[in-house]
Structures are given as C-alpha cells and as structure tokens.
Amino acid sequence: MALNERTLGSKSSPLLVSRLGLGAMGMSDLYGPADEAESTATIHAALDAGITLIDTGDFYGMGHNELLIRDALRSSGRARGEVAISVKFGAQRDYAGNWIGYDARPAAVKTALAYTLRRLGTDYVDVYRPARLDPNVPIEETVGAIAEMVEAGYVRHIGLSEVGAETLRRAQAVHPITDLQIEYSLISRGIEKEILPTVRELGIGVTAYGVLSRGLISGHWQADRQLPAGDFRGFSPRFQGGNLEANLRLVEALRTVAEAKGASVAQVAIAWVLAQGDDIVPLVGARRRERLTEALGAAELVLEPADLAAIEEAVPQGSAAGDRYVAAQMAHLDSEK
C-alpha cells in the first residue's frame, strides 16, 4: 500500500495520508482488555505496511491510548513527520469511565490540547477535533479556539466528528475543515443523504470509523460470543437479540459475495468503503496483527460494478437492525438530527 494515496481536505488545507488509517481506541478502551505488547506490535506493523494516519481520543482509556501511541512511535524509530496523528477531545468521563458530558469551550480546547501534547510527547497534533458537538457552545467558538492553536503551531489541521451539514457549513466559515470523522459502513449509510454531498461541496474529506461496525460485519462475529465486562457491544442495539440475528444474516449474504471474490467478509466490507470515493479514508480498528493483515488486503481488492451491485443486493441500504448507539448516545449526535 503506497504512502500518501489520498488527500483529505481542500487545496487550502490538504492532508496527504495512506488509503487506510489505524483507529487505536480498542487498544485502550471499550472493547474489553487488550494486550499492550500486541497493540504496540500492531502499530509497528501498520507503520511498516505504509499506514500513515493514526486516530485516537484523549478520553480513550483516560489518556492511556495517547501514551501507548507515544511509546509505540518512539520504539518504531519513525520520525514524527512520517505519521499523522488525529486526536478527538471534549468527552468528559469520571474515574469509573462513565460518560458525563462534553466540554468544547475555548478554554477547554486549549487545556485539553496541552495535556494531549504532553502525553503524546510531541509539539503538534496533525488533526484536532471535538468528539461531538457541544450543545452549550457554538461551533464557531470551538473552531475559532482550535484555529488559534493552528496559528500558534500546535495544530496542523482542524477536523470535526459526527456533525451534520449545517454545523459543517458554520464551521467551514470560520476555518477550513480538513475532514469529518463519522461512522460509515455497509450498515451505517446515513451520511449519504445530506452529509456526504455537503462535505464534497465544501472540499472536506471523510475519515470513516466503524467500517466493520465494531466487528459485527467482519465475518468473525459469533452469535453466542461472550463479551467481557467493559465491552460496550454488550449493550449496543445492533448486537442484541433479534437485531443481532438479523444483522448476522446480512453478513452471511455478504460472505457469498466475498467468497466469489476470493476475499474475506471484512476485506469486502472495507473495500466497499474505499470504493465510495477517493476523499474517504477508512479507519481500521485492528487490535492484533492478524486482523490488521486481513484489513490491509482490502486496499488491494478491486470491486467492479458487478461486485458493488452484488454487495448492494446482499446488504441493501437501510437493512441494518437496530441503531448504532443506545438512545442516550444517539441524542448527542448532531449528525443524526
């Protein structure tokens, strides 16, 4: 996989990155225990394979994820400029990990960034973005504060996450937005109606997370899988009861298409996202090298028009059972309003 194959953002704010990015959240949080040594080895393997974008959040493991990335990059021997680091901020959590709100006030932006830079052991972040729209803070104020950090040299690019078309337009009027990070997969296609046309009109790229819907459409999920404490899929609507059964039937239909291509289900699902446009970079949430290797194969998989039609028939738009988050979290998504 060649470096710098896709450009995020417009000519005024371009960021060149690999066709796939690495989402590091699961190495520290929300999917149960992770092996730190294997996580580090996976980051190294991703870099060796040509991945140049790593995505994290300062609230993943309450800073643990940033420290993990810092140590992995140091031990990789890579120069700082060889890797683009994208960081989300603003989500507030208590000691037990409970979600207690969002804070994207200008002062909070600058404080969170200062702590992130210290944890990452770097003097700048490539992309900095609020994890969600703070309902109490106009997006103009949040983006304006990040823009000050761009001017100061602490941030290279401004991103957003899970916001709708109107918010995108308001933010873009303050400062060029390089990319929107948002869930996009075969079973999460809500962005196609209004958000995707808007980012393309504005020249904003997309970093797509959840491309395997947290493992649900990876082809590896078993209906009787036992989840450890702390794995949020244990209460995610798409993994529950009849929803899970219906969604796994979609996976089996997709498996038929994948087998005809000599590929895995996960590879076809990731390749489908890649095929939706050169302005979209899928974030692969691999926690182990074997899953990373499988995901990398998607970058070499060419989907012809007949393949795309077969995929659409197997997993029609809107066929997923259940929302992508529980109701309380869905209410925080500006992208769903």
# chains A, B, ... in the order shown; residues from 1 in each chain; ligands from 1
call {"tool": "select_by_dssp", "arguments": {"residues": "stretch 162-232 of chain A", "states": "strand (DSSP E)", "output": "list in words"}}
result
Ile177, Thr178, Asp179, Leu180, Gln181, Ile182, Glu183, Gly205, Val206, Thr207, Ala208 and Tyr209 of chain A
call {"tool": "write_last_selection", "arguments": {"atoms": "all heavy atoms", "output": "PDB file, in the first residue's frame"}}
result
ATOM      1  N   ILE A 177     -12.024  23.194   7.210  1.00  0.00           N
ATOM      2  CA  ILE A 177     -12.107  21.912   7.905  1.00  0.00           C
ATOM      3  C   ILE A 177     -11.507  20.851   6.991  1.00  0.00           C
ATOM      4  O   ILE A 177     -11.897  20.723   5.835  1.00  0.00           O
ATOM      5  CB  ILE A 177     -13.568  21.558   8.237  1.00  0.00           C
ATOM      6  CG1 ILE A 177     -14.211  22.674   9.087  1.00  0.00           C
ATOM      7  CG2 ILE A 177     -13.640  20.213   8.960  1.00  0.00           C
ATOM      8  CD1 ILE A 177     -13.516  22.954  10.407  1.00  0.00           C
ATOM      9  N   THR A 178     -10.555  20.095   7.512  1.00  0.00           N
ATOM     10  CA  THR A 178      -9.855  19.114   6.694  1.00  0.00           C
ATOM     11  C   THR A 178     -10.653  17.838   6.518  1.00  0.00           C
ATOM     12  O   THR A 178     -10.735  17.293   5.419  1.00  0.00           O
ATOM     13  CB  THR A 178      -8.478  18.796   7.309  1.00  0.00           C
ATOM     14  OG1 THR A 178      -7.673  19.992   7.263  1.00  0.00           O
ATOM     15  CG2 THR A 178      -7.767  17.690   6.540  1.00  0.00           C
ATOM     16  N   ASP A 179     -11.252  17.353   7.596  1.00  0.00           N
ATOM     17  CA  ASP A 179     -12.027  16.119   7.462  1.00  0.00           C
ATOM     18  C   ASP A 179     -13.108  16.017   8.520  1.00  0.00           C
ATOM     19  O   ASP A 179     -13.025  16.623   9.583  1.00  0.00           O
ATOM     20  CB  ASP A 179     -11.121  14.880   7.529  1.00  0.00           C
ATOM     21  CG  ASP A 179     -10.637  14.602   8.945  1.00  0.00           C
ATOM     22  OD1 ASP A 179     -10.039  15.502   9.540  1.00  0.00           O
ATOM     23  OD2 ASP A 179     -10.859  13.486   9.458  1.00  0.00           O
ATOM     24  N   LEU A 180     -14.125  15.256   8.155  1.00  0.00           N
ATOM     25  CA  LEU A 180     -15.186  14.890   9.086  1.00  0.00           C
ATOM     26  C   LEU A 180     -14.998  13.423   9.429  1.00  0.00           C
ATOM     27  O   LEU A 180     -14.977  12.569   8.548  1.00  0.00           O
ATOM     28  CB  LEU A 180     -16.557  15.085   8.444  1.00  0.00           C
ATOM     29  CG  LEU A 180     -17.749  14.516   9.227  1.00  0.00           C
ATOM     30  CD1 LEU A 180     -17.939  15.273  10.533  1.00  0.00           C
ATOM     31  CD2 LEU A 180     -19.012  14.546   8.377  1.00  0.00           C
ATOM     32  N   GLN A 181     -14.878  13.136  10.710  1.00  0.00           N
ATOM     33  CA  GLN A 181     -14.811  11.739  11.147  1.00  0.00           C
ATOM     34  C   GLN A 181     -16.225  11.317  11.519  1.00  0.00           C
ATOM     35  O   GLN A 181     -16.890  11.956  12.346  1.00  0.00           O
ATOM     36  CB  GLN A 181     -13.871  11.588  12.334  1.00  0.00           C
ATOM     37  CG  GLN A 181     -13.633  10.132  12.702  1.00  0.00           C
ATOM     38  CD  GLN A 181     -12.544   9.983  13.748  1.00  0.00           C
ATOM     39  OE1 GLN A 181     -12.768   9.437  14.814  1.00  0.00           O
ATOM     40  NE2 GLN A 181     -11.359  10.492  13.457  1.00  0.00           N
ATOM     41  N   ILE A 182     -16.680  10.239  10.899  1.00  0.00           N
ATOM     42  CA  ILE A 182     -18.061   9.824  11.087  1.00  0.00           C
ATOM     43  C   ILE A 182     -18.186   8.345  10.770  1.00  0.00           C
ATOM     44  O   ILE A 182     -17.401   7.794   9.990  1.00  0.00           O
ATOM     45  CB  ILE A 182     -18.994  10.663  10.188  1.00  0.00           C
ATOM     46  CG1 ILE A 182     -20.459  10.540  10.618  1.00  0.00           C
ATOM     47  CG2 ILE A 182     -18.790  10.332   8.708  1.00  0.00           C
ATOM     48  CD1 ILE A 182     -21.355  11.623  10.054  1.00  0.00           C
ATOM     49  N   GLU A 183     -19.172   7.694  11.379  1.00  0.00           N
ATOM     50  CA  GLU A 183     -19.379   6.275  11.120  1.00  0.00           C
ATOM     51  C   GLU A 183     -19.927   6.087   9.710  1.00  0.00           C
ATOM     52  O   GLU A 183     -20.900   6.739   9.319  1.00  0.00           O
ATOM     53  CB  GLU A 183     -20.331   5.670  12.147  1.00  0.00           C
ATOM     54  CG  GLU A 183     -20.480   4.170  12.003  1.00  0.00           C
ATOM     55  CD  GLU A 183     -21.194   3.518  13.175  1.00  0.00           C
ATOM     56  OE1 GLU A 183     -21.506   4.221  14.158  1.00  0.00           O
ATOM     57  OE2 GLU A 183     -21.424   2.294  13.114  1.00  0.00           O
ATOM     58  N   GLY A 205     -12.708  16.212   3.535  1.00  0.00           N
ATOM     59  CA  GLY A 205     -12.560  14.769   3.430  1.00  0.00           C
ATOM     60  C   GLY A 205     -13.337  14.047   4.516  1.00  0.00           C
ATOM     61  O   GLY A 205     -13.911  14.672   5.422  1.00  0.00           O
ATOM     62  N   VAL A 206     -13.359  12.725   4.430  1.00  0.00           N
ATOM     63  CA  VAL A 206     -14.047  11.892   5.417  1.00  0.00           C
ATOM     64  C   VAL A 206     -13.086  10.828   5.929  1.00  0.00           C
ATOM     65  O   VAL A 206     -12.453  10.126   5.144  1.00  0.00           O
ATOM     66  CB  VAL A 206     -15.281  11.193   4.806  1.00  0.00           C
ATOM     67  CG1 VAL A 206     -15.874  10.177   5.789  1.00  0.00           C
ATOM     68  CG2 VAL A 206     -16.339  12.216   4.407  1.00  0.00           C
ATOM     69  N   THR A 207     -12.950  10.740   7.247  1.00  0.00           N
ATOM     70  CA  THR A 207     -12.304   9.575   7.850  1.00  0.00           C
ATOM     71  C   THR A 207     -13.422   8.741   8.458  1.00  0.00           C
ATOM     72  O   THR A 207     -14.119   9.184   9.376  1.00  0.00           O
ATOM     73  CB  THR A 207     -11.257   9.977   8.911  1.00  0.00           C
ATOM     74  OG1 THR A 207     -11.760  11.023   9.748  1.00  0.00           O
ATOM     75  CG2 THR A 207      -9.974  10.447   8.247  1.00  0.00           C
ATOM     76  N   ALA A 208     -13.617   7.563   7.893  1.00  0.00           N
ATOM     77  CA  ALA A 208     -14.756   6.719   8.235  1.00  0.00           C
ATOM     78  C   ALA A 208     -14.382   5.729   9.324  1.00  0.00           C
ATOM     79  O   ALA A 208     -13.482   4.906   9.142  1.00  0.00           O
ATOM     80  CB  ALA A 208     -15.234   5.970   6.996  1.00  0.00           C
ATOM     81  N   TYR A 209     -15.071   5.811  10.465  1.00  0.00           N
ATOM     82  CA  TYR A 209     -14.849   4.815  11.508  1.00  0.00           C
ATOM     83  C   TYR A 209     -15.998   3.818  11.491  1.00  0.00           C
ATOM     84  O   TYR A 209     -17.012   4.006  10.819  1.00  0.00           O
ATOM     85  CB  TYR A 209     -14.680   5.467  12.883  1.00  0.00           C
ATOM     86  CG  TYR A 209     -15.935   5.964  13.542  1.00  0.00           C
ATOM     87  CD1 TYR A 209     -16.699   5.129  14.364  1.00  0.00           C
ATOM     88  CD2 TYR A 209     -16.354   7.283  13.382  1.00  0.00           C
ATOM     89  CE1 TYR A 209     -17.847   5.589  14.987  1.00  0.00           C
ATOM     90  CE2 TYR A 209     -17.515   7.743  13.997  1.00  0.00           C
ATOM     91  CZ  TYR A 209     -18.251   6.899  14.808  1.00  0.00           C
ATOM     92  OH  TYR A 209     -19.390   7.352  15.423  1.00  0.00           O
TER      93      TYR A 209
END
call {"tool": "closest_atom_pairs", "arguments": {"of": "stretch 252-307 of chain A", "to": "stretch 5-25 of chain A", "cutoff": "10 Å", "atoms": "only C-alpha atoms", "output": "Markdown table"}}
result
| residue | atom | partner | partner_atom | distance |
| --- | --- | --- | --- | --- |
| A:Ile270 | CA | A:Leu20 | CA | 9.2 |
| A:Leu274 | CA | A:Arg19 | CA | 7.8 |
| A:Gly277 | CA | A:Arg6 | CA | 9.8 |
| A:Asp278 | CA | A:Arg6 | CA | 6.2 |
| A:Asp279 | CA | A:Leu8 | CA | 6.1 |
| A:Ile280 | CA | A:Leu8 | CA | 7.7 |
| A:Val281 | CA | A:Leu20 | CA | 5.6 |
| A:Pro282 | CA | A:Leu20 | CA | 5.3 |
| A:Leu283 | CA | A:Gly21 | CA | 4.5 |
| A:Val284 | CA | A:Leu22 | CA | 5.0 |
| A:Gly285 | CA | A:Gly23 | CA | 4.5 |
| A:Ala286 | CA | A:Leu22 | CA | 7.2 |
| A:Arg287 | CA | A:Ala24 | CA | 7.5 |
| A:Leu292 | CA | A:Leu22 | CA | 8.8 |
| A:Ala295 | CA | A:Leu20 | CA | 8.8 |
| A:Leu296 | CA | A:Leu20 | CA | 7.8 |
| A:Ala298 | CA | A:Leu20 | CA | 9.1 |
| A:Ala299 | CA | A:Arg19 | CA | 7.2 |
call {"tool": "residues_around", "arguments": {"residues": "stretch 163-168 of chain A", "least_positions_apart": "5", "cutoff": "12 Å", "atoms": "only C-alpha atoms", "output": "VMD selection string"}}
result
chain A and resid 129 to 135 137 to 140 142 to 143 158 173 to 183 190 to 206 330 332 to 337
call {"tool": "closest_residue", "arguments": {"among": "A:Ser185, A:Ser218, A:Asp71, A:Arg289", "to": "A:Ala41", "atoms": "only C-alpha atoms"}}
result
A:Arg289
call {"tool": "closest_residue", "arguments": {"among": "A:Ala84, A:Tyr102, A:Phe59, A:Arg156", "to": "A:Tyr115", "atoms": "only C-alpha atoms"}}
result
A:Phe59
call {"tool": "closest_atom_pairs", "arguments": {"of": "stretch 242-262 of chain A", "to": "stretch 300-311 of chain A", "cutoff": "12 Å", "atoms": "only C-alpha atoms", "output": "tab-separated table"}}
result
residue	atom	partner	partner_atom	distance
A:Leu250	CA	A:Ile311	CA	10.1
A:Val251	CA	A:Ile311	CA	10.5
A:Glu252	CA	A:Ile311	CA	11.5
A:Ala253	CA	A:Ile311	CA	8.5
A:Leu254	CA	A:Ile311	CA	6.5
A:Arg255	CA	A:Ile311	CA	9.6
A:Thr256	CA	A:Ile311	CA	9.4
A:Val257	CA	A:Ile311	CA	6.6
A:Ala258	CA	A:Ile311	CA	8.9
A:Glu259	CA	A:Asp307	CA	11.5
A:Ala260	CA	A:Asp307	CA	9.3
A:Lys261	CA	A:Asp307	CA	8.4
A:Gly262	CA	A:Leu301	CA	9.6
call {"tool": "atom_distance", "arguments": {"atom1": "atom CA of A:Lys88", "atom2": "atom CA of A:Val125"}}
result
10.4 Å
call {"tool": "atom_distance", "arguments": {"atom1": "atom CA of A:Thr56", "atom2": "atom CA of A:Val83"}}
result
12.9 Å
call {"tool": "residues_around", "arguments": {"residues": "A:Arg93", "least_positions_apart": "4", "cutoff": "9 Å", "atoms": "only C-alpha atoms", "output": "number ranges by chain"}}
result
A: 59, 62, 97-102
call {"tool": "write_last_selection", "arguments": {"atoms": "N, CA, C and O atoms", "output": "tab-separated table (two decimals), in the first residue's frame"}}
result
chain	number	residue	atom	x	y	z
A	59	PHE	N	-9.75	10.75	25.62
A	59	PHE	CA	-10.57	10.06	26.62
A	59	PHE	C	-10.55	8.55	26.43
A	59	PHE	O	-11.23	7.83	27.16
A	62	MET	N	-8.70	7.19	29.33
A	62	MET	CA	-8.29	8.37	30.10
A	62	MET	C	-6.82	8.72	29.88
A	62	MET	O	-6.04	8.89	30.82
A	97	GLY	N	-15.09	5.68	34.39
A	97	GLY	CA	-15.23	5.61	32.95
A	97	GLY	C	-16.59	6.00	32.43
A	97	GLY	O	-16.85	5.92	31.23
A	98	ASN	N	-17.49	6.43	33.33
A	98	ASN	CA	-18.83	6.84	32.90
A	98	ASN	C	-18.77	8.13	32.09
A	98	ASN	O	-17.94	9.00	32.36
A	99	TRP	N	-19.66	8.26	31.12
A	99	TRP	CA	-19.72	9.46	30.28
A	99	TRP	C	-20.56	10.52	30.99
A	99	TRP	O	-21.70	10.26	31.36
A	100	ILE	N	-20.00	11.69	31.18
A	100	ILE	CA	-20.69	12.71	31.98
A	100	ILE	C	-20.85	14.03	31.24
A	100	ILE	O	-21.11	15.06	31.85
A	101	GLY	N	-20.72	14.01	29.92
A	101	GLY	CA	-20.96	15.22	29.15
A	101	GLY	C	-19.84	15.57	28.20
A	101	GLY	O	-18.92	14.78	27.98
A	102	TYR	N	-19.93	16.79	27.64
A	102	TYR	CA	-18.94	17.28	26.69
A	102	TYR	C	-18.54	18.70	27.07
A	102	TYR	O	-19.35	19.46	27.62
call {"tool": "select_by_dssp", "arguments": {"residues": "stretch 40-214 of chain A", "states": "alpha helix (DSSP H)", "output": "count of residues only"}}
result
68
call {"tool": "closest_residue", "arguments": {"among": "A:Gln172, A:Val268, A:Glu294, A:Glu162", "to": "A:Ala147", "atoms": "only C-alpha atoms"}}
result
A:Gln172
call {"tool": "residues_around", "arguments": {"residues": "A:Arg70", "least_positions_apart": "4", "cutoff": "12 Å", "atoms": "only C-alpha atoms", "output": "list in words"}}
result
Ala24, Thr40, Ile43, His44, Ile54, Thr56, Gly63, His64, Asn65, Glu66, Arg74, Ser75, Ser76, Gly77, Arg78, Ala79, Arg80, Val83, Ile85, Thr116, Leu117, Arg118, Arg119, Leu120, Gly121 and Thr122 of chain A
call {"tool": "write_last_selection", "arguments": {"atoms": "N, CA, C and O atoms", "output": "compact mmCIF listing (two decimals), in the first residue's frame"}}
result
# COMPACT_ATOMS: atom_id res chain seq x y z
N ALA A 24 -7.10 3.53 16.98
CA ALA A 24 -6.43 2.89 18.10
C ALA A 24 -7.30 2.73 19.34
O ALA A 24 -6.84 2.18 20.35
N THR A 40 1.18 -2.58 20.63
CA THR A 40 2.38 -1.91 20.14
C THR A 40 2.89 -2.57 18.86
O THR A 40 3.25 -1.88 17.89
N ILE A 43 0.72 -1.52 15.95
CA ILE A 43 1.05 -0.17 15.48
C ILE A 43 2.31 -0.21 14.62
O ILE A 43 2.38 0.38 13.54
N HIS A 44 3.31 -0.93 15.09
CA HIS A 44 4.55 -1.07 14.31
C HIS A 44 4.27 -1.70 12.95
O HIS A 44 4.77 -1.25 11.91
N ILE A 54 -2.92 7.68 12.27
CA ILE A 54 -3.37 7.01 13.49
C ILE A 54 -4.37 7.92 14.19
O ILE A 54 -4.10 9.10 14.41
N THR A 56 -6.91 8.70 17.49
CA THR A 56 -7.09 8.45 18.92
C THR A 56 -8.02 9.49 19.51
O THR A 56 -8.54 10.37 18.82
N GLY A 63 -6.44 8.84 28.63
CA GLY A 63 -5.07 9.19 28.29
C GLY A 63 -4.17 8.02 27.98
O GLY A 63 -3.10 8.20 27.40
N HIS A 64 -4.59 6.80 28.34
CA HIS A 64 -3.75 5.63 28.10
C HIS A 64 -3.43 5.45 26.62
O HIS A 64 -2.30 5.11 26.24
N ASN A 65 -4.42 5.70 25.76
CA ASN A 65 -4.22 5.48 24.34
C ASN A 65 -3.16 6.41 23.77
O ASN A 65 -2.33 6.00 22.95
N GLU A 66 -3.17 7.65 24.21
CA GLU A 66 -2.15 8.60 23.75
C GLU A 66 -0.76 8.17 24.23
O GLU A 66 0.22 8.26 23.48
N ARG A 74 7.80 6.01 19.42
CA ARG A 74 9.20 6.13 19.82
C ARG A 74 9.97 4.85 19.54
O ARG A 74 11.08 4.87 19.00
N SER A 75 9.38 3.72 19.88
CA SER A 75 10.09 2.45 19.68
C SER A 75 10.12 2.03 18.22
O SER A 75 10.91 1.17 17.84
N SER A 76 9.27 2.64 17.39
CA SER A 76 9.27 2.31 15.95
C SER A 76 10.43 2.94 15.22
O SER A 76 10.80 2.50 14.13
N GLY A 77 11.00 3.98 15.81
CA GLY A 77 12.08 4.69 15.16
C GLY A 77 11.63 5.64 14.07
O GLY A 77 12.45 6.24 13.37
N ARG A 78 10.32 5.82 13.92
CA ARG A 78 9.80 6.71 12.88
C ARG A 78 9.97 8.17 13.28
O ARG A 78 9.81 8.54 14.44
N ALA A 79 10.28 9.00 12.30
CA ALA A 79 10.32 10.43 12.53
C ALA A 79 8.90 10.94 12.72
O ALA A 79 7.96 10.40 12.13
N ARG A 80 8.74 11.97 13.53
CA ARG A 80 7.41 12.49 13.82
C ARG A 80 6.65 12.85 12.54
O ARG A 80 5.44 12.60 12.42
N VAL A 83 4.20 10.33 10.42
CA VAL A 83 2.91 9.83 10.91
C VAL A 83 1.99 10.99 11.25
O VAL A 83 2.39 11.92 11.95
N ILE A 85 -1.15 12.19 13.30
CA ILE A 85 -1.92 11.80 14.47
C ILE A 85 -3.17 12.66 14.56
O ILE A 85 -3.10 13.89 14.58
N THR A 116 -2.80 16.72 25.86
CA THR A 116 -2.57 15.76 24.78
C THR A 116 -1.15 15.84 24.26
O THR A 116 -0.48 14.82 24.04
N LEU A 117 -0.66 17.05 24.05
CA LEU A 117 0.71 17.21 23.55
C LEU A 117 1.71 16.63 24.54
O LEU A 117 2.70 16.00 24.14
N ARG A 118 1.45 16.80 25.82
CA ARG A 118 2.37 16.25 26.82
C ARG A 118 2.32 14.72 26.80
O ARG A 118 3.36 14.07 26.85
N ARG A 119 1.13 14.15 26.73
CA ARG A 119 1.03 12.68 26.71
C ARG A 119 1.63 12.08 25.45
O ARG A 119 2.26 11.02 25.50
N LEU A 120 1.40 12.72 24.32
CA LEU A 120 1.93 12.19 23.06
C LEU A 120 3.42 12.45 22.90
O LEU A 120 4.06 11.86 22.03
N GLY A 121 3.95 13.35 23.70
CA GLY A 121 5.37 13.66 23.59
C GLY A 121 5.72 14.35 22.30
O GLY A 121 6.78 14.13 21.72
N THR A 122 4.82 15.23 21.84
CA THR A 122 5.04 15.93 20.59
C THR A 122 4.69 17.40 20.78
O THR A 122 4.06 17.77 21.78
call {"tool": "closest_residue", "arguments": {"among": "A:Val273, A:Ala45, A:Val326, A:Ala331", "to": "A:Arg189", "atoms": "only C-alpha atoms"}}
result
A:Val273
call {"tool": "atom_distance", "arguments": {"atom1": "atom CA of A:Arg238", "atom2": "atom CA of A:Gly322"}}
result
4.8 Å
call {"tool": "decode", "arguments": {"residues": "stretch 90-110 of chain A", "atoms": "N, CA, C and O atoms", "output": "PDB file, in the first residue's frame"}}
result
ATOM      1  N   GLY A  90     -12.919  16.503  24.248  1.00  0.00           N
ATOM      2  CA  GLY A  90     -14.193  17.067  24.671  1.00  0.00           C
ATOM      3  C   GLY A  90     -15.078  16.143  25.477  1.00  0.00           C
ATOM      4  O   GLY A  90     -15.881  16.612  26.282  1.00  0.00           O
ATOM      5  N   ALA A  91     -14.978  14.826  25.261  1.00  0.00           N
ATOM      6  CA  ALA A  91     -15.818  13.893  26.019  1.00  0.00           C
ATOM      7  C   ALA A  91     -15.334  13.847  27.460  1.00  0.00           C
ATOM      8  O   ALA A  91     -14.153  13.656  27.727  1.00  0.00           O
ATOM      9  N   GLN A  92     -16.257  14.001  28.391  1.00  0.00           N
ATOM     10  CA  GLN A  92     -15.921  14.034  29.813  1.00  0.00           C
ATOM     11  C   GLN A  92     -16.305  12.707  30.460  1.00  0.00           C
ATOM     12  O   GLN A  92     -17.399  12.186  30.242  1.00  0.00           O
ATOM     13  N   ARG A  93     -15.382  12.173  31.271  1.00  0.00           N
ATOM     14  CA  ARG A  93     -15.629  10.890  31.933  1.00  0.00           C
ATOM     15  C   ARG A  93     -15.198  10.966  33.388  1.00  0.00           C
ATOM     16  O   ARG A  93     -14.289  11.725  33.736  1.00  0.00           O
ATOM     17  N   ASP A  94     -15.846  10.163  34.217  1.00  0.00           N
ATOM     18  CA  ASP A  94     -15.432  10.122  35.612  1.00  0.00           C
ATOM     19  C   ASP A  94     -14.433   8.986  35.820  1.00  0.00           C
ATOM     20  O   ASP A  94     -14.029   8.305  34.872  1.00  0.00           O
ATOM     21  N   TYR A  95     -14.042   8.790  37.082  1.00  0.00           N
ATOM     22  CA  TYR A  95     -12.998   7.820  37.378  1.00  0.00           C
ATOM     23  C   TYR A  95     -13.371   6.411  36.936  1.00  0.00           C
ATOM     24  O   TYR A  95     -12.523   5.620  36.512  1.00  0.00           O
ATOM     25  N   ALA A  96     -14.659   6.083  37.014  1.00  0.00           N
ATOM     26  CA  ALA A  96     -15.125   4.749  36.637  1.00  0.00           C
ATOM     27  C   ALA A  96     -15.334   4.603  35.136  1.00  0.00           C
ATOM     28  O   ALA A  96     -15.723   3.531  34.665  1.00  0.00           O
ATOM     29  N   GLY A  97     -15.089   5.676  34.390  1.00  0.00           N
ATOM     30  CA  GLY A  97     -15.230   5.608  32.946  1.00  0.00           C
ATOM     31  C   GLY A  97     -16.593   6.001  32.433  1.00  0.00           C
ATOM     32  O   GLY A  97     -16.849   5.925  31.228  1.00  0.00           O
ATOM     33  N   ASN A  98     -17.492   6.427  33.329  1.00  0.00           N
ATOM     34  CA  ASN A  98     -18.830   6.838  32.904  1.00  0.00           C
ATOM     35  C   ASN A  98     -18.769   8.131  32.093  1.00  0.00           C
ATOM     36  O   ASN A  98     -17.939   9.004  32.359  1.00  0.00           O
ATOM     37  N   TRP A  99     -19.663   8.264  31.123  1.00  0.00           N
ATOM     38  CA  TRP A  99     -19.719   9.463  30.284  1.00  0.00           C
ATOM     39  C   TRP A  99     -20.563  10.517  30.995  1.00  0.00           C
ATOM     40  O   TRP A  99     -21.701  10.260  31.356  1.00  0.00           O
ATOM     41  N   ILE A 100     -20.002  11.691  31.178  1.00  0.00           N
ATOM     42  CA  ILE A 100     -20.689  12.707  31.979  1.00  0.00           C
ATOM     43  C   ILE A 100     -20.848  14.030  31.237  1.00  0.00           C
ATOM     44  O   ILE A 100     -21.107  15.056  31.851  1.00  0.00           O
ATOM     45  N   GLY A 101     -20.716  14.010  29.924  1.00  0.00           N
ATOM     46  CA  GLY A 101     -20.963  15.224  29.153  1.00  0.00           C
ATOM     47  C   GLY A 101     -19.844  15.571  28.203  1.00  0.00           C
ATOM     48  O   GLY A 101     -18.918  14.777  27.977  1.00  0.00           O
ATOM     49  N   TYR A 102     -19.932  16.786  27.641  1.00  0.00           N
ATOM     50  CA  TYR A 102     -18.940  17.281  26.689  1.00  0.00           C
ATOM     51  C   TYR A 102     -18.545  18.697  27.067  1.00  0.00           C
ATOM     52  O   TYR A 102     -19.347  19.455  27.615  1.00  0.00           O
ATOM     53  N   ASP A 103     -17.324  19.051  26.751  1.00  0.00           N
ATOM     54  CA  ASP A 103     -16.842  20.393  27.033  1.00  0.00           C
ATOM     55  C   ASP A 103     -15.956  20.846  25.876  1.00  0.00           C
ATOM     56  O   ASP A 103     -14.843  20.366  25.704  1.00  0.00           O
ATOM     57  N   ALA A 104     -16.495  21.728  25.048  1.00  0.00           N
ATOM     58  CA  ALA A 104     -15.730  22.241  23.907  1.00  0.00           C
ATOM     59  C   ALA A 104     -15.625  23.759  23.963  1.00  0.00           C
ATOM     60  O   ALA A 104     -15.529  24.431  22.942  1.00  0.00           O
ATOM     61  N   ARG A 105     -15.632  24.301  25.189  1.00  0.00           N
ATOM     62  CA  ARG A 105     -15.396  25.724  25.341  1.00  0.00           C
ATOM     63  C   ARG A 105     -13.966  26.057  24.923  1.00  0.00           C
ATOM     64  O   ARG A 105     -13.067  25.205  25.014  1.00  0.00           O
ATOM     65  N   PRO A 106     -13.704  27.292  24.479  1.00  0.00           N
ATOM     66  CA  PRO A 106     -12.338  27.650  24.065  1.00  0.00           C
ATOM     67  C   PRO A 106     -11.271  27.338  25.104  1.00  0.00           C
ATOM     68  O   PRO A 106     -10.196  26.828  24.756  1.00  0.00           O
ATOM     69  N   ALA A 107     -11.549  27.617  26.374  1.00  0.00           N
ATOM     70  CA  ALA A 107     -10.546  27.323  27.403  1.00  0.00           C
ATOM     71  C   ALA A 107     -10.317  25.827  27.522  1.00  0.00           C
ATOM     72  O   ALA A 107      -9.178  25.373  27.709  1.00  0.00           O
ATOM     73  N   ALA A 108     -11.386  25.034  27.392  1.00  0.00           N
ATOM     74  CA  ALA A 108     -11.249  23.583  27.466  1.00  0.00           C
ATOM     75  C   ALA A 108     -10.462  23.045  26.275  1.00  0.00           C
ATOM     76  O   ALA A 108      -9.688  22.095  26.411  1.00  0.00           O
ATOM     77  N   VAL A 109     -10.679  23.646  25.095  1.00  0.00           N
ATOM     78  CA  VAL A 109      -9.915  23.251  23.901  1.00  0.00           C
ATOM     79  C   VAL A 109      -8.421  23.368  24.179  1.00  0.00           C
ATOM     80  O   VAL A 109      -7.641  22.441  23.937  1.00  0.00           O
ATOM     81  N   LYS A 110      -8.020  24.500  24.691  1.00  0.00           N
ATOM     82  CA  LYS A 110      -6.599  24.766  24.881  1.00  0.00           C
ATOM     83  C   LYS A 110      -6.005  23.925  26.010  1.00  0.00           C
ATOM     84  O   LYS A 110      -4.858  23.467  25.916  1.00  0.00           O
TER      85      LYS A 110
END
